[in-house]
Structure formats: structure tokens, C-alpha cells
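S.K.: Below is coords_35.txt; it holds compact mmCIF, C-alpha atoms and all ligand atoms.
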# COMPACT_ATOMS: atom_id res chain seq x y z
CA MET A 1 13.66 42.22 -110.25
CA ILE A 2 10.14 40.75 -110.32
CA VAL A 3 7.60 43.11 -111.90
CA LEU A 4 4.12 42.82 -110.39
CA GLY A 5 0.87 44.63 -111.22
CA ASP A 6 -2.08 44.88 -108.80
CA VAL A 7 -2.41 41.09 -108.69
CA GLU A 8 0.21 38.35 -108.59
CA TYR A 9 -0.86 35.80 -111.22
CA TYR A 10 1.85 33.16 -110.82
CA LYS A 11 1.67 32.80 -107.04
CA GLY A 12 4.21 30.57 -105.38
CA ILE A 13 6.69 30.83 -108.26
CA GLY A 14 9.70 33.07 -107.74
CA LYS A 15 12.58 34.07 -109.98
CA ILE A 16 13.89 31.12 -112.01
CA GLU A 17 17.58 30.60 -111.24
CA TYR A 18 20.40 28.59 -112.81
CA GLU A 19 21.14 25.58 -110.58
CA GLY A 20 23.34 23.45 -112.88
CA LYS A 21 22.74 20.13 -114.54
CA GLU A 22 22.62 18.10 -111.34
CA SER A 23 19.56 20.00 -110.12
CA ASP A 24 16.27 18.09 -109.75
CA ASN A 25 14.24 21.29 -109.52
CA PRO A 26 11.86 21.53 -112.51
CA LEU A 27 11.64 25.29 -111.90
CA ALA A 28 15.38 25.94 -112.37
CA PHE A 29 17.68 26.23 -115.37
CA ARG A 30 20.11 23.35 -115.71
CA TYR A 31 22.12 24.65 -118.69
CA TYR A 32 20.98 28.22 -119.36
CA ASN A 33 23.28 30.32 -117.21
CA PRO A 34 22.59 33.86 -118.51
CA ASP A 35 25.94 35.39 -117.56
CA GLN A 36 28.14 32.47 -118.57
CA ILE A 37 30.46 33.35 -121.45
CA VAL A 38 30.50 30.99 -124.42
CA ALA A 39 32.49 31.84 -127.57
CA GLY A 40 33.13 35.38 -126.42
CA LYS A 41 29.59 36.41 -125.42
CA THR A 42 27.25 35.70 -122.54
CA MET A 43 24.41 33.27 -123.17
CA ARG A 44 22.02 36.16 -122.57
CA GLU A 45 23.64 38.10 -125.43
CA HIS A 46 23.81 35.14 -127.80
CA PHE A 47 20.16 34.23 -127.48
CA LYS A 48 18.17 37.32 -126.46
CA PHE A 49 15.36 34.95 -125.39
CA ALA A 50 11.89 36.34 -125.96
CA ILE A 51 8.42 35.12 -125.09
CA SER A 52 5.53 35.24 -127.57
CA TYR A 53 2.73 37.38 -126.22
CA TRP A 54 0.12 35.55 -128.35
CA TYR A 55 0.80 31.99 -127.29
CA SER A 56 1.79 32.61 -123.68
CA PHE A 57 -0.94 35.11 -122.83
CA GLY A 58 -3.45 34.87 -125.71
CA GLY A 59 -4.00 31.12 -125.80
CA ASN A 60 -6.53 29.24 -123.71
CA GLY A 61 -5.98 25.65 -124.83
CA SER A 62 -8.94 25.57 -127.22
CA ASP A 63 -8.53 23.73 -130.52
CA LEU A 64 -10.66 22.87 -133.56
CA PHE A 65 -12.42 20.19 -131.57
CA GLY A 66 -12.80 21.66 -128.12
CA ASP A 67 -13.24 24.69 -125.89
CA ALA A 68 -10.81 26.37 -123.52
CA THR A 69 -9.01 24.27 -120.94
CA GLN A 70 -6.75 27.03 -119.58
CA HIS A 71 -8.71 29.66 -117.67
CA PHE A 72 -6.34 32.58 -117.14
CA ALA A 73 -7.80 35.49 -115.20
CA TRP A 74 -6.79 38.07 -117.86
CA ASN A 75 -8.66 36.14 -120.56
CA GLU A 76 -11.88 36.01 -118.55
CA MET A 77 -12.28 39.79 -118.25
CA ARG A 78 -14.95 41.40 -120.45
CA GLU A 79 -13.84 45.05 -120.75
CA PRO A 80 -11.10 45.14 -123.45
CA ILE A 81 -8.76 47.72 -121.86
CA LEU A 82 -8.99 46.17 -118.38
CA ALA A 83 -8.34 42.74 -119.89
CA ALA A 84 -5.41 44.11 -121.91
CA LYS A 85 -3.84 45.74 -118.85
CA ALA A 86 -4.24 42.55 -116.81
CA ARG A 87 -2.66 40.57 -119.64
CA ALA A 88 0.28 43.03 -119.77
CA ASP A 89 0.69 42.71 -115.98
CA ALA A 90 0.76 38.91 -116.26
CA ALA A 91 3.24 39.10 -119.16
CA PHE A 92 5.68 41.36 -117.30
CA GLU A 93 5.39 39.25 -114.15
CA PHE A 94 6.13 36.11 -116.15
CA ILE A 95 9.04 37.55 -118.18
CA SER A 96 10.68 39.02 -115.10
CA LYS A 97 10.28 35.75 -113.16
CA MET A 98 11.89 33.89 -116.09
CA GLY A 99 14.76 36.39 -116.07
CA PHE A 100 14.32 36.97 -119.83
CA ASP A 101 14.83 40.39 -121.41
CA TYR A 102 12.38 40.38 -124.32
CA PHE A 103 8.90 39.74 -125.66
CA CYS A 104 7.30 39.82 -129.13
CA PHE A 105 3.80 40.96 -130.02
CA HIS A 106 1.22 41.44 -132.77
CA ASP A 107 -0.88 44.60 -132.57
CA TYR A 108 -4.04 42.80 -131.49
CA ASP A 109 -2.27 40.67 -128.90
CA LEU A 110 -1.81 43.87 -126.91
CA VAL A 111 -5.51 44.66 -126.98
CA GLN A 112 -8.60 43.26 -128.67
CA GLU A 113 -9.27 44.85 -132.09
CA GLY A 114 -12.03 47.48 -131.94
CA LYS A 115 -15.38 47.54 -133.75
CA ASN A 116 -13.95 49.98 -136.28
CA PHE A 117 -10.59 51.38 -137.34
CA GLY A 118 -10.80 54.47 -135.11
CA GLN A 119 -11.63 52.46 -131.99
CA SER A 120 -8.76 50.05 -132.71
CA GLU A 121 -6.37 52.99 -133.09
CA LEU A 122 -7.44 54.48 -129.76
CA ARG A 123 -7.11 51.16 -127.96
CA LEU A 124 -3.63 50.62 -129.37
CA VAL A 125 -2.47 54.08 -128.30
CA THR A 126 -3.84 53.49 -124.77
CA MET A 127 -2.06 50.14 -124.46
CA THR A 128 1.18 51.43 -125.98
CA GLU A 129 1.30 54.07 -123.24
CA TYR A 130 0.54 51.50 -120.52
CA ILE A 131 3.20 49.06 -121.77
CA ASN A 132 5.73 51.83 -122.27
CA LYS A 133 5.51 52.63 -118.54
CA LYS A 134 6.06 48.97 -117.68
CA ILE A 135 9.06 48.87 -120.04
CA SER A 136 10.61 51.94 -118.38
CA ASN A 137 10.08 50.48 -114.90
CA SER A 138 11.43 47.02 -115.67
CA GLY A 139 14.09 47.26 -118.40
CA ILE A 140 12.23 44.52 -120.32
CA LYS A 141 12.42 45.18 -124.07
CA VAL A 142 10.61 44.19 -127.24
CA LEU A 143 12.47 41.98 -129.72
CA TRP A 144 9.91 42.43 -132.48
CA GLY A 145 6.49 43.78 -133.20
CA SER A 146 4.11 42.68 -135.91
CA SER A 147 0.63 43.11 -137.23
CA ASN A 148 -2.04 40.44 -137.28
CA CYS A 149 -3.30 40.71 -140.87
CA VAL A 150 -4.49 37.11 -140.78
CA SER A 151 -7.31 36.55 -138.28
CA ASN A 152 -9.93 39.15 -139.23
CA PRO A 153 -12.39 37.83 -141.90
CA ARG A 154 -11.58 40.86 -144.09
CA TYR A 155 -8.22 39.19 -144.79
CA MET A 156 -9.67 35.84 -145.91
CA ASN A 157 -8.36 36.48 -149.48
CA GLY A 158 -5.09 38.00 -148.31
CA ALA A 159 -3.85 41.32 -146.91
CA ALA A 160 -1.15 42.91 -149.14
CA THR A 161 -2.07 40.40 -151.88
CA ASN A 162 -5.86 40.73 -151.62
CA PRO A 163 -7.53 41.14 -155.03
CA ASP A 164 -9.63 43.98 -153.52
CA PHE A 165 -7.61 47.22 -153.25
CA LYS A 166 -9.70 48.42 -150.26
CA VAL A 167 -8.45 45.48 -148.21
CA VAL A 168 -4.85 46.15 -149.26
CA ALA A 169 -5.18 49.78 -148.12
CA ARG A 170 -6.82 48.66 -144.86
CA ALA A 171 -3.90 46.32 -144.19
CA ALA A 172 -1.50 49.20 -144.86
CA GLY A 173 -3.41 51.38 -142.38
CA GLN A 174 -3.15 48.62 -139.80
CA VAL A 175 0.57 48.10 -140.39
CA LYS A 176 1.13 51.87 -140.10
CA LEU A 177 -0.43 51.81 -136.61
CA ALA A 178 1.60 48.74 -135.65
CA LEU A 179 4.78 50.47 -136.87
CA ASP A 180 3.86 53.55 -134.82
CA ALA A 181 3.47 51.35 -131.72
CA THR A 182 6.75 49.60 -132.58
CA ILE A 183 8.61 52.89 -132.77
CA ALA A 184 6.98 54.24 -129.58
CA LEU A 185 8.02 51.10 -127.68
CA LYS A 186 11.59 51.21 -129.10
CA VAL A 187 11.13 47.76 -130.56
CA GLU A 188 14.25 46.28 -132.16
CA ASN A 189 12.74 44.52 -135.23
CA TYR A 190 9.49 44.38 -137.19
CA VAL A 191 8.18 41.05 -138.57
CA PHE A 192 6.00 40.30 -141.59
CA TRP A 193 4.53 36.83 -141.56
CA GLY A 194 2.33 36.48 -144.65
CA GLY A 195 -0.12 33.93 -143.32
CA ARG A 196 -2.71 34.79 -145.97
CA GLU A 197 -0.33 36.02 -148.68
CA GLY A 198 -0.57 33.15 -151.15
CA TYR A 199 -3.41 31.11 -152.60
CA MET A 200 -5.84 28.27 -152.04
CA THR A 201 -6.13 27.67 -155.80
CA LEU A 202 -4.21 29.11 -158.75
CA LEU A 203 -7.45 29.01 -160.78
CA ASN A 204 -8.63 32.29 -159.23
CA THR A 205 -5.19 33.83 -158.65
CA ASP A 206 -3.05 36.26 -160.65
CA MET A 207 0.21 35.38 -158.94
CA LYS A 208 2.38 37.97 -160.71
CA ARG A 209 0.04 40.83 -159.80
CA GLU A 210 -0.23 39.65 -156.19
CA LEU A 211 3.56 39.42 -155.82
CA ASP A 212 3.97 42.91 -157.30
CA HIS A 213 1.40 44.20 -154.79
CA MET A 214 3.26 42.54 -151.92
CA GLY A 215 6.53 44.08 -153.14
CA GLN A 216 4.94 47.52 -153.38
CA PHE A 217 3.34 47.12 -149.95
CA LEU A 218 6.67 46.22 -148.30
CA ILE A 219 8.51 49.06 -150.08
CA GLN A 220 5.95 51.54 -148.74
CA ALA A 221 6.04 50.01 -145.23
CA ARG A 222 9.83 50.23 -145.21
CA ASP A 223 9.83 53.83 -146.42
CA TYR A 224 7.22 54.84 -143.82
CA GLY A 225 9.12 53.11 -140.99
CA ARG A 226 12.42 54.66 -141.97
CA SER A 227 10.82 58.11 -142.35
CA GLN A 228 9.58 57.82 -138.75
CA GLY A 229 13.05 56.91 -137.47
CA PHE A 230 12.75 53.10 -137.23
CA LYS A 231 16.33 51.83 -137.46
CA GLY A 232 15.84 48.11 -136.79
CA ASN A 233 15.48 45.20 -139.19
CA PHE A 234 12.37 44.40 -141.08
CA LEU A 235 12.04 40.62 -141.03
CA ILE A 236 10.20 38.20 -143.31
CA GLU A 237 9.11 34.97 -141.63
CA PRO A 238 8.85 32.23 -144.27
CA LYS A 239 6.26 29.47 -144.06
CA PRO A 240 5.25 27.23 -146.97
CA MET A 241 1.58 26.65 -146.10
CA GLU A 242 -1.02 26.72 -143.32
CA PRO A 243 -3.41 28.42 -143.27
CA LEU A 244 -3.13 28.58 -147.08
CA LYS A 245 -2.32 25.80 -149.54
CA HIS A 246 0.67 27.82 -150.72
CA GLN A 247 2.28 30.87 -149.13
CA TYR A 248 4.50 33.15 -151.20
CA ASP A 249 7.27 33.33 -148.55
CA PHE A 250 7.63 29.56 -148.89
CA ASP A 251 11.12 29.20 -147.43
CA CYS A 252 14.32 31.24 -146.98
CA ALA A 253 15.55 30.84 -150.53
CA THR A 254 12.20 31.97 -151.96
CA ALA A 255 11.91 34.93 -149.58
CA ILE A 256 15.49 36.06 -150.26
CA GLY A 257 14.87 35.90 -154.03
CA PHE A 258 11.70 37.96 -153.57
CA LEU A 259 13.46 40.57 -151.42
CA ARG A 260 16.21 40.96 -154.01
CA GLU A 261 13.73 41.24 -156.86
CA TYR A 262 11.97 44.16 -155.17
CA GLY A 263 15.15 45.87 -153.92
CA LEU A 264 14.41 45.19 -150.26
CA GLU A 265 17.50 43.17 -149.35
CA LYS A 266 19.26 45.98 -147.46
CA ASP A 267 16.43 46.62 -145.00
CA PHE A 268 15.04 43.11 -144.61
CA LYS A 269 16.41 39.96 -143.05
CA ILE A 270 14.81 36.60 -142.27
CA ASN A 271 13.10 35.32 -139.13
CA ILE A 272 13.43 31.53 -139.29
CA GLU A 273 10.90 29.36 -137.47
CA VAL A 274 11.86 25.73 -136.84
CA ASN A 275 8.44 24.22 -137.51
CA HIS A 276 8.02 26.32 -140.67
CA ALA A 277 11.35 24.95 -141.93
CA THR A 278 10.21 21.37 -141.41
CA LEU A 279 6.83 22.08 -143.07
CA ALA A 280 8.85 23.21 -146.13
CA GLN A 281 10.58 19.79 -146.09
CA HIS A 282 13.82 21.40 -144.91
CA THR A 283 15.73 21.06 -141.69
CA PHE A 284 16.04 24.08 -139.39
CA GLN A 285 19.79 23.92 -140.04
CA HIS A 286 19.24 24.20 -143.79
CA GLU A 287 17.19 27.36 -143.41
CA LEU A 288 19.78 28.93 -141.08
CA GLU A 289 22.54 28.12 -143.54
CA VAL A 290 20.68 29.63 -146.50
CA ALA A 291 19.93 32.86 -144.61
CA ALA A 292 23.45 33.10 -143.15
CA GLN A 293 25.05 32.77 -146.59
CA SER A 294 23.11 35.82 -147.77
CA GLY A 295 23.93 37.81 -144.65
CA MET A 296 20.24 37.70 -143.73
CA LEU A 297 20.15 35.55 -140.59
CA GLY A 298 18.08 37.99 -138.57
CA SER A 299 16.11 36.13 -135.90
CA ILE A 300 14.71 32.76 -134.82
CA ASP A 301 11.24 31.57 -133.84
CA ALA A 302 12.05 28.59 -131.65
CA ASN A 303 9.65 25.66 -131.57
CA ARG A 304 9.43 22.21 -133.10
CA GLY A 305 7.01 20.05 -135.04
CA ASP A 306 6.07 16.45 -134.52
CA TYR A 307 7.64 13.74 -136.70
CA GLN A 308 4.27 12.14 -137.41
CA ASN A 309 2.10 15.27 -137.81
CA GLY A 310 2.26 17.34 -140.99
CA TRP A 311 1.16 20.61 -139.44
CA ASP A 312 2.48 23.46 -137.33
CA THR A 313 2.26 21.93 -133.85
CA SER A 314 4.52 24.71 -132.42
CA GLN A 315 5.81 22.70 -129.47
CA PHE A 316 8.56 23.92 -127.20
CA PRO A 317 12.04 22.91 -128.41
CA ASN A 318 13.52 19.80 -126.77
CA ASN A 319 15.62 18.15 -129.47
CA VAL A 320 19.23 18.74 -128.39
CA GLN A 321 20.73 17.06 -131.44
CA GLU A 322 18.74 19.18 -133.90
CA ILE A 323 19.52 22.40 -132.06
CA THR A 324 23.23 21.50 -131.75
CA GLU A 325 23.47 21.18 -135.53
CA ALA A 326 21.74 24.55 -135.73
CA MET A 327 24.11 26.10 -133.19
CA LEU A 328 27.10 25.04 -135.30
CA ILE A 329 25.77 27.26 -138.09
CA PHE A 330 24.75 29.97 -135.62
CA LEU A 331 28.26 30.19 -134.11
CA LYS A 332 30.12 29.92 -137.40
CA SER A 333 28.06 32.67 -139.00
CA GLY A 334 28.52 35.06 -136.07
CA GLY A 335 25.03 34.70 -134.57
CA LEU A 336 21.84 36.61 -135.25
CA GLN A 337 21.94 40.03 -136.84
CA GLY A 338 19.84 42.14 -134.55
CA GLY A 339 17.31 39.45 -133.64
CA GLY A 340 17.00 36.86 -130.91
CA VAL A 341 15.37 33.55 -130.04
CA ASN A 342 11.63 33.96 -129.64
CA PHE A 343 9.70 31.02 -128.22
CA ASP A 344 6.89 30.92 -130.78
CA ALA A 345 5.58 27.82 -129.04
CA LYS A 346 2.50 26.83 -127.08
CA ILE A 347 1.95 24.48 -124.21
CA ARG A 348 -0.40 21.60 -124.98
CA ARG A 349 -4.15 21.84 -124.44
CA SER A 350 -3.85 19.45 -121.51
CA SER A 351 -1.11 21.46 -119.73
CA THR A 352 -3.35 23.32 -117.33
CA ASP A 353 -1.21 24.20 -114.29
CA MET A 354 0.10 27.77 -113.90
CA GLU A 355 3.64 26.39 -113.64
CA ASP A 356 3.47 24.60 -117.01
CA ILE A 357 4.36 27.71 -119.02
CA PHE A 358 7.48 28.15 -116.85
CA ILE A 359 8.53 24.54 -117.26
CA ALA A 360 8.05 24.85 -121.04
CA HIS A 361 10.24 27.95 -121.38
CA ILE A 362 12.91 26.57 -119.04
CA GLY A 363 13.08 23.40 -121.16
CA GLY A 364 13.38 25.47 -124.34
CA ALA A 365 16.10 27.74 -122.96
CA ASP A 366 18.02 24.75 -121.59
CA THR A 367 17.84 22.98 -124.96
CA PHE A 368 19.39 26.00 -126.70
CA ALA A 369 22.01 26.50 -123.98
CA ARG A 370 23.04 22.85 -123.92
CA ALA A 371 23.26 22.86 -127.72
CA LEU A 372 25.36 26.03 -127.72
CA LEU A 373 27.82 24.51 -125.25
CA ALA A 374 28.06 21.33 -127.31
CA ALA A 375 28.51 23.23 -130.59
CA GLU A 376 31.25 25.38 -129.13
CA LYS A 377 33.14 22.27 -127.97
CA ILE A 378 32.69 20.59 -131.34
CA ILE A 379 34.17 23.63 -133.09
CA THR A 380 37.06 24.19 -130.68
CA SER A 381 38.00 20.68 -129.46
CA SER A 382 37.03 18.15 -132.10
CA PRO A 383 38.38 17.43 -135.60
CA TYR A 384 35.01 18.60 -137.05
CA GLU A 385 36.29 21.84 -138.57
CA SER A 386 39.52 20.42 -139.91
CA LEU A 387 37.69 17.45 -141.47
CA ARG A 388 35.33 19.81 -143.27
CA GLN A 389 38.19 21.95 -144.52
CA GLN A 390 40.12 18.91 -145.62
CA ARG A 391 37.26 17.85 -147.92
CA TYR A 392 37.82 21.03 -149.95
CA SER A 393 41.63 21.16 -149.70
CA SER A 394 42.02 20.48 -153.45
CA PHE A 395 40.80 24.07 -153.96
CA ASP A 396 43.40 25.56 -151.60
CA THR A 397 46.37 25.39 -154.00
CA GLY A 398 47.24 24.83 -157.66
CA SER A 399 44.56 24.44 -160.33
CA GLY A 400 41.74 24.15 -157.79
CA LYS A 401 42.64 27.56 -156.40
CA GLU A 402 42.87 29.00 -159.91
CA PHE A 403 39.39 27.62 -160.67
CA GLU A 404 37.96 29.34 -157.58
CA GLU A 405 39.61 32.57 -158.67
CA GLY A 406 38.01 32.35 -162.11
CA LYS A 407 41.36 31.88 -163.85
CA LEU A 408 40.51 28.61 -165.62
CA ASN A 409 38.23 28.37 -168.65
CA PHE A 410 36.48 25.28 -169.97
CA ASN A 411 39.39 24.36 -172.26
CA ASP A 412 41.76 24.46 -169.24
CA LEU A 413 39.38 22.19 -167.33
CA TYR A 414 39.20 19.89 -170.34
CA ALA A 415 43.01 19.58 -170.37
CA ILE A 416 43.08 18.82 -166.61
CA ALA A 417 40.34 16.21 -167.07
CA LYS A 418 42.37 14.49 -169.76
CA GLU A 419 45.52 14.45 -167.61
CA ASN A 420 43.72 13.01 -164.55
CA ASP A 421 41.88 10.09 -166.03
CA GLU A 422 42.05 7.96 -162.89
CA ILE A 423 40.32 9.71 -159.98
CA GLU A 424 40.61 8.19 -156.53
CA LEU A 425 37.30 8.14 -154.60
CA GLN A 426 37.22 10.40 -151.52
CA SER A 427 34.99 9.28 -148.65
CA GLY A 428 32.40 11.82 -147.45
CA LYS A 429 32.80 10.45 -143.87
CA GLN A 430 29.16 11.16 -142.97
CA GLU A 431 29.11 8.60 -140.16
CA LEU A 432 32.28 10.08 -138.68
CA PHE A 433 30.73 13.57 -138.66
CA GLU A 434 27.59 12.15 -137.04
CA SER A 435 29.50 10.36 -134.32
CA ILE A 436 31.61 13.45 -133.54
CA LEU A 437 28.37 15.40 -133.02
CA ASN A 438 26.91 12.76 -130.70
CA ARG A 439 30.06 12.58 -128.61
CA TYR A 440 29.59 16.18 -127.47
CA LEU A 441 25.84 16.22 -126.72
C1 LIG B 501 2.53 31.52 -137.46
C2 LIG B 501 3.62 32.26 -136.84
C3 LIG B 501 3.34 33.66 -136.41
C4 LIG B 501 4.46 34.60 -136.68
C5 LIG B 501 4.13 36.05 -136.42
O1 LIG B 501 2.83 30.24 -137.86
O2 LIG B 501 4.70 31.75 -136.64
O3 LIG B 501 3.01 33.65 -135.07
O4 LIG B 501 5.57 34.29 -135.90
O5 LIG B 501 3.01 36.48 -137.06
CO CO B 502 6.52 32.44 -135.84
Let me see the file written as C-alpha cells.
Ligand code: XUL
Ligand code: CO
M.R.:
Amino acid sequence: MIVLGDVEYYKGIGKIEYEGKESDNPLAFRYYNPDQIVAGKTMREHFKFAISYWYSFGGNGSDLFGDATQHFAWNEMREPILAAKARADAAFEFISKMGFDYFCFHDYDLVQEGKNFGQSELRLVTMTEYINKKISNSGIKVLWGSSNCVSNPRYMNGAATNPDFKVVARAAGQVKLALDATIALKVENYVFWGGREGYMTLLNTDMKRELDHMGQFLIQARDYGRSQGFKGNFLIEPKPMEPLKHQYDFDCATAIGFLREYGLEKDFKINIEVNHATLAQHTFQHELEVAAQSGMLGSIDANRGDYQNGWDTSQFPNNVQEITEAMLIFLKSGGLQGGGVNFDAKIRRSSTDMEDIFIAHIGGADTFARALLAAEKIITSSPYESLRQQRYSSFDTGSGKEFEEGKLNFNDLYAIAKENDEIELQSGKQELFESILNRYL
């Protein structure tokens, strides 16, 4: 069903359909076939694709060096509520034409922040009601909500970690309203991305105190959400830097350590963004693996960086090999726990046609679908799994097994070492693993 408001914004574009890989139609899926079952679930269920309200409907192509290039009707309106309603209409039209089920938002993506706290609160309540009606009429859902505690100048020294308590309390007030909107819209998860939680220089920073404040802030946010009946995941989205020199949620391992230190590990999971992983000098796969091992693989922000650029370019995913490696971990760990795949990606400044945002999302969805199909084949039809298991087979029986079970002490290991003086080298077979992967792409 296509959901239209008073105006049709994407004229001439209908519902995007699956046409198969032989199709030449740029406005059709070639691999993403929502109802096709792969590894026991439909593609729709595996991915729960979501669009990012901020990039798809908030952006206008402007960058540090130049003004807007994309002149969307909803961005040109002056009156904030009218503009917000038009933006919501465009968003629902777009999501329904894509055939996706979800979107993600920050509070002030839904409506422009007011001149003061009270005006912002009123605007949010008005827009929550408007969007709630559109949700009821369309069946479109919200994957996660969040709060923009980054853009307003009051947060220049941080939100939860600001050295001024008044700013910390203001951020808490803002997050409370965002949580209220989240609960009213039956949103499935709530994300914290600490874009200004960190430092530009350690010279002026009491790191221990700031981390304790962030812990306290998240404990209180969790307790408030739960007291209001929010049952979904809270998610931390790690990023090592940008806008700050150093952000406290540097990567998955750091964020998981932090959550455990403050007793938050039962309520929080991780939202992993591809370009944030690469900024932390990790692969996307590495971050998925770390989160999955801790049972915290909550959700994904899908995008990619650029090999030559050292910043968050947030481009739409198109690297099938990278995403196939990721899908191997995704499938083996049982998928995402409550989250989905949110396209936290923006079209380029020079992509100025109304169809470009469709083409971008289709390409992203097809990349994930193609990778999922390849990963499933690799797991079920190639020697990949057995080769991996074989590498560790010395732990399956005898002394190796006893070691794993904690039955051998250091003197036992010493005796085994003495007995086995000559150790035959075992090849790691990296090139074989790499060629198996490529065969299935
Ligand atoms: C910034 C980023 C954010 C978060 C939500 O790099 O990824 O959009 O996803 O605040
Ligand atoms: Co993100």
C-alpha cells in the first residue's frame, strides 16, 4: 500500500518490486525479495530494513564548502509544524513505495527544535500525534528513536558528560521527552550515540568524572524508560571520533566494558555502524563478532566509508564482499537481537534527482540480500565451516579437551610440552578461506 499525504512528492515512481537479477530496471530490486526464505526466515524478517529520517528527509546536499543542492519541498517551508507534517508525509510515501517496514528518528528530525524547552515539548507532542496516525493507517513501524544531544550549541562541551550540571540536566530533560515520544509511537529500540561525549583535549577533561556522569545518566534513562513501560533494547552506537577527537564509546569492546562497569549490560545492546567501525581501524565484521560474542548484537547502521578518506562519508553500502563476511557472522550468531538494518547513509551532494534516494536504498538492500544469499551458501554448501572446525580439532578430545574444561594446570601443560618437543606446523589456509568466499559472491 502506498501512503500519500495531500501532495505526492515522488511523482512517477511507484512501488519498488523485486524483478530478479536479470532485470535492467534501476527502480527494481534484483536480490532483495522480501518474502523469500533464507536460513529459515524471510529476508524481510532477517533485515528489518529502516530508513534514516535525518539523512533521507533532513539533508539538502549542503556541506562545509557549499549551500544546498537538493531542494525538497518539505525543507523549503517556513512554518515548523507545516514543514514537519510535509516531511512526515514525504517519509511515509517514500517508505511505503520502497516496501520497507521501518524508519528511525531523532527527536528534532521530527520537528525543528523550539525557541525554548516548553515550545520544543509542545511541538514534539503535536508531531508524535500526527505520526502516530500515519503509523496506524500504514502499518509502518519505528525501529529506533533517539535524541539529538549533539547539534545545539549548548552541547558543545558534551551532553551527559558536560562539565556544567545544568547542561547535563537539560540533556536528561530532552531524553525524557524523546523517550516519551518513543513509547507513544511503540518504537522497538532506543539509541544513544554520544557524538559529544568525549574530549577535544585531555588537558581540560576529568575523564573519570565524565564517565561516571555518563553511567549515572544512562542508569537514570533506563530506569525512567522501564518505569514508563518501555520494553525494547537501549542501544549504544560506538564511534571513535568525529565530531570529537576522542569519543568514549570508541568501539564495541570499549562500550561493552563500559556497560558492564555500570551494570547496564542487561538492558543495553550495541548498534554497530559500518563507517564507525572502519574509523576505529576495525572491520565491520570485527565489530559484529565482538558484539555477538557478548550477546549484544542489537542493530546495524548500514553505510560505508571511502578507502581514501579518513572521515564518516556515510555512503550507501555497495561492497558485496565486505557485507558477505559480515553476513557469515550475522547468520552464525542468530541475527540481530531486536534491531534491524538502518540505512544511516546519505546520497551525495551531486545526486539531485528525486529518484536518486530510491536508487540508493535499492542498491543498499540488494547488497545485503546478495550477501545473505552468498553467506548462507558458504555455510551450507562449502567446506568453510568444517575447515574452521578442523583448525581447533585438537581441543575436541584428549588433553586439549581437558584444557578447555579447566582440568589441566600449568604443571600438566609443562609435562605435555616436554613430551611433544617436535610440533608440526599447521597451515592457517587464509588464501583457501578467501577463495571459498569469492566463489560464492
Ligand atoms: C552519526 C550517527 C548518528 C547516529 C544516531 O555518525 O551515526 O546518526 O546513528 O544519532
Ligand atoms: Co548511525
S.K.: Which is closest to ligand CO 502 (chain B) among A:Leu235, A:Ala302, A:Val150, A:Met207, if we use all atoms listed in the file?
M.R.: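 Going through A:Leu235, A:Ala302, A:Val150, A:Met207 one by one, the smallest distance to ligand CO 502 (chain B) is for A:Ala302.
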S.K.: Can you pull out the residues contacting range 238-252 of chain A? Cut-off 9 Å, using all atoms listed in the file, and skip same-chain residues under 4 positions away; I want them as an MDAnalysis selection string.
M.R.: chainID A and resid 192:201 211 256:258 270:273 275:277 279:280 282 287:288 290:291 311:312
S.K.: Do you know which residues are within 7 Å of ligand CO 502 (chain B) using all atoms listed in the file? Can you write them as number ranges by chain?
M.R.: A: 237, 273, 301, 344
S.K.: Need the neighbours of (23.3, 31.2, -143.8): which residues are at most 12 Å away, counting all atoms listed in the file, as a PyMOL selection string?
M.R.: chain A and resi 252-253+256+269-272+284-299+326-337
S.K.: Distance CA of Ala181 in chain A-CA of Lys141 in chain A, one decimal place?
M.R.: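 A separation of 13.3 Å between them.
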S.K.: At a cut-off of 12 Å from (12.6, 48.7, -123.1) in the coordinates of the file, what residues are picked up using only C-alpha atoms, written as JSON, numbers by chain?
M.R.: {"A": [92, 101, 102, 103, 104, 131, 132, 133, 134, 135, 136, 137, 138, 139, 140, 141, 142, 143, 144, 182, 183, 184, 185, 186, 187, 188]}
S.K.: Restricting the calculation to all atoms listed in the file: of A:Asn342, A:Gln112, A:Ser393, A:Thr126, which residue gets closest to ligand LIG 501 (chain B)?
M.R.: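 Residue with the minimum atom-to-atom distance to ligand LIG 501 (chain B): A:Asn342.
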S.K.: Pick the closest to ligand LIG 501 (chain B) from A:Asn152, A:Asn409, A:Asn116, A:Ser147: which is it, counting all atoms listed in the file?
M.R.: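 Result for the nearest residue to ligand LIG 501 (chain B): A:Ser147.
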S.K.: Name the closest residue to ligand LIG 501 (chain B) among the candidates A:Phe165, A:Phe57, A:Phe343, A:Tyr130; distances are taken between atoms, counting all atoms listed in the file.
M.R.: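 Of all the options, A:Phe343 lies closest to ligand LIG 501 (chain B).
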S.K.: With distances taken over only C-alpha atoms and all ligand atoms, which residue among A:Glu402, A:Glu210, A:Glu434, A:Asp109 lies nearest ligand LIG 501 (chain B)?
M.R.: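 Nearest to ligand LIG 501 (chain B): A:Asp109.
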S.K.: From the structure block, carefully write range 79-111 of chain A out with C-alpha atoms; format it as a compact mmCIF listing (two decimals), in the first residue's frame.
M.R.:
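Output saved as result33.txt:
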# COMPACT_ATOMS: atom_id res chain seq x y z
CA GLU A 79 6.28 27.29 9.49
CA PRO A 80 7.83 24.48 11.62
CA ILE A 81 4.70 22.32 12.12
CA LEU A 82 3.61 22.57 8.48
CA ALA A 83 7.15 21.71 7.39
CA ALA A 84 7.27 18.79 9.84
CA LYS A 85 3.95 17.40 8.61
CA ALA A 86 5.05 17.69 4.98
CA ARG A 87 8.30 15.93 5.85
CA ALA A 88 6.36 13.12 7.58
CA ASP A 89 4.11 12.81 4.51
CA ALA A 90 7.16 12.53 2.24
CA ALA A 91 8.77 9.98 4.59
CA PHE A 92 5.71 7.72 4.68
CA GLU A 93 5.26 7.99 0.91
CA PHE A 94 8.90 7.03 0.39
CA ILE A 95 8.97 4.14 2.91
CA SER A 96 5.75 2.67 1.54
CA LYS A 97 6.98 2.95 -2.06
CA MET A 98 10.20 1.17 -1.04
CA GLY A 99 8.14 -1.57 0.61
CA PHE A 100 10.18 -1.21 3.83
CA ASP A 101 8.59 -1.58 7.27
CA TYR A 102 10.64 0.78 9.44
CA PHE A 103 12.20 4.17 9.99
CA CYS A 104 14.49 5.68 12.66
CA PHE A 105 14.41 9.20 14.04
CA HIS A 106 15.99 11.72 16.41
CA ASP A 107 13.59 13.99 18.29
CA TYR A 108 14.43 17.08 16.26
CA ASP A 109 14.25 15.28 12.93
CA LEU A 110 10.51 15.05 13.52
CA VAL A 111 10.16 18.78 14.04
